[in-house]
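Q: The structure that follows is given in the form of structure tokens.
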Amino acid sequence: MIVTFPLDPMHMVYLGVTKKLANLWIDLARRRLQNFNSCAIRDINNLISGCVASTPTDFPHKCRTLDFVSAWKASECRLFLLYLGPVILEKTLPKPFYLNFRRLALSMYLLAHPKLHKTFVETAKIELLNFLNEYEWCYGCEHLIYNVHSLQHLPDDVRAHGPLDSFSAFPFESYMRQIKDSVRSGFAVAKQAV
């Protein structure tokens, strides 16, 4: 039964874990903990801004700086996690935090890849378990939220359903505007939407 309902990577990984990590870095910098400071956040923001011009049009949203992380769309989080973050954060985050992030980025890249997901699903599972152990050490057990915990189950969903994008909510998000526009009042919403 559990295999029938896969976890949604768009909400869990990109909007959940990726945003959580970015907010933790901002908070650590604000409180000057774990070798973080506001200069690191400023450097990350400058590097993100520098990447905007060269980001291909394949991505629906260009990544905004960490100052706007609370307003990031899922596609911005995905762009940051899979492509920008592994390069940008290498020189800006303290090493244990960067290595932890890189484990997550690698795992998600392997699980999302249309060809590599079958071959490297076990590697991704091991990397995710290592990510979880390091995450607790880096950020503390009080930040082990449901989305972070659920990451360990994603490889099983990939085995059952294919790469992450084959069971993600991304394709449906573009229809949300049409559904919202078809609803005129709060009465009988389901009828209006169909």
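Letters A, B, ... mark the chains of the structure tokens in the order given; residue numbers begin at 1 per chain; ligand numbers begin at 1, in order shown.
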Going by DSSP on the backbone, which residues of range 85-176 of chain A come out as alpha helix (DSSP H)? List them as a PyMOL selection string.
A: chain A and resi 85-88+95-112+121-139+146-150+154-161+170-173+176
Q: Which residues are near range 30-44 of chain A? Cut-off 6 Å, only C-alpha atoms, ignore same chain within fewer than 3 positions. Put them as a list in words.
A: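 The residues that qualify are Asp27, Leu47 and Thr92 of chain A.
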Q: Could you take the residues named above and write them with N, CA and C atoms, as a JSON list (two decimals), in the first residue's frame?
A:
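Heads up, here's the output in again-v3.json:
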```json
[["chain", "number", "residue", "atom", "x", "y", "z"],
["A", 27, "ASP", "N", 19.99, 31.53, 9.25],
["A", 27, "ASP", "CA", 19.87, 31.64, 10.70],
["A", 27, "ASP", "C", 21.23, 31.47, 11.38],
["A", 47, "LEU", "N", 27.08, 35.20, -5.92],
["A", 47, "LEU", "CA", 27.30, 34.12, -6.88],
["A", 47, "LEU", "C", 26.00, 33.71, -7.57],
["A", 92, "THR", "N", 31.88, 28.73, -0.20],
["A", 92, "THR", "CA", 31.21, 29.66, 0.70],
["A", 92, "THR", "C", 30.71, 29.04, 2.00]]
```
Q: May I ask which of the residues A:Leu66, A:Val17, A:Leu24, A:Leu93 is the closest one to Ser150 in chain A, counting only C-alpha atoms?
A: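 Smallest distance to Ser150 in chain A is found for A:Val17.
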Q: Taking only C-alpha atoms into account, name the residue in A:Tyr14, A:Arg102, A:Lys20, A:Ser174 that is nearest to Leu144 in chain A.
A: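 Going through A:Tyr14, A:Arg102, A:Lys20, A:Ser174 one by one, the smallest distance to Leu144 in chain A is for A:Lys20.
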Q: Calculated over only C-alpha atoms, which of the candidates A:Leu154, A:Ala53, A:Val69, A:Ala22 has the smallest distance to Phe5 in chain A?
A: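 Checking each of A:Leu154, A:Ala53, A:Val69, A:Ala22 against Phe5 in chain A, counting only C-alpha atoms, the winner is A:Leu154.
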Q: Measure the distance from CA of Arg103 in chain A to CA of Ser70 in chain A in Å and round it to one decimal.
A: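 The value is 23.0 Å.
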Q: Could you check the closest approach to Thr65 in chain A for each of A:Leu132, A:Asn45, A:Phe80, A:Ala169 and tell me which residue wins, using only C-alpha atoms?
A: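 Looking at the shortest contact to Thr65 in chain A, the residue is A:Asn45.
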Q: Using only C-alpha atoms, find the one residue out of A:Leu151, A:Leu28, A:Leu106, A:Ala74 that sits nearest to Thr123 in chain A.
A: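 Checking each of A:Leu151, A:Leu28, A:Leu106, A:Ala74 against Thr123 in chain A, counting only C-alpha atoms, the winner is A:Leu106.
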Q: Can you measure CA of Arg159 in chain A to CA of Asn130 in chain A for me? One decimal in Å is fine.
A: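 Going from CA of Arg159 in chain A over to CA of Asn130 in chain A covers 19.5 Å.
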Q: For a test of reading the model, state the distance in Å between CA of Leu164 in chain A and CA of Lys19 in chain A, rounded to one decimal.
A: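 Rounded to one decimal, the two atoms are 18.3 Å apart.
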Q: Show which residues sit within 12 Å of Thr119 in chain A, as a PyMOL selection string. Count only C-alpha atoms, and ignore same-chain residues fewer than 2 positions away.
A: chain A and resi 110-117+121-125+155+158-159+162-163
Q: I need the chosen residues saved as a PDB file, in the first residue's frame, with C-alpha atoms.
A:
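Final output, result_38.pdb:
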```pdb
ATOM      1  CA  LEU A 110      20.877  10.417  -9.529  1.00  0.00           C
ATOM      2  CA  LEU A 111      17.260   9.728  -8.560  1.00  0.00           C
ATOM      3  CA  ALA A 112      15.936  12.337 -11.014  1.00  0.00           C
ATOM      4  CA  HIS A 113      18.094  11.325 -13.964  1.00  0.00           C
ATOM      5  CA  PRO A 114      16.033   9.509 -16.627  1.00  0.00           C
ATOM      6  CA  LYS A 115      18.821   7.007 -17.423  1.00  0.00           C
ATOM      7  CA  LEU A 116      21.018   6.813 -14.312  1.00  0.00           C
ATOM      8  CA  HIS A 117      18.261   6.311 -11.730  1.00  0.00           C
ATOM      9  CA  VAL A 121      19.471   3.937  -6.879  1.00  0.00           C
ATOM     10  CA  GLU A 122      21.415   2.008  -4.216  1.00  0.00           C
ATOM     11  CA  THR A 123      24.233   4.585  -4.269  1.00  0.00           C
ATOM     12  CA  ALA A 124      21.636   7.330  -3.811  1.00  0.00           C
ATOM     13  CA  LYS A 125      20.084   5.442  -0.886  1.00  0.00           C
ATOM     14  CA  PRO A 155      14.906   5.489  -3.474  1.00  0.00           C
ATOM     15  CA  VAL A 158      12.157   5.506  -7.578  1.00  0.00           C
ATOM     16  CA  ARG A 159      12.496   1.712  -7.774  1.00  0.00           C
ATOM     17  CA  GLY A 162      10.833   5.477 -12.092  1.00  0.00           C
ATOM     18  CA  PRO A 163      12.832   8.723 -11.869  1.00  0.00           C
TER      19      PRO A 163
END
```
Q: Write out as a ChimeraX atom specification which residues come within 12 Å of Gln178 in chain A when counting only C-alpha atoms, dropping same-chain ones fewer than 6 positions away.
A: /A:172,184,192-194
Q: Would you list the contacts of Thr4 in chain A as a list in words, taking every protein, DNA or RNA residue within 9 Å and counting only C-alpha atoms, but skipping same-chain residues closer than 4 positions in sequence?
A: Asp157, Ala160 and His161 of chain A
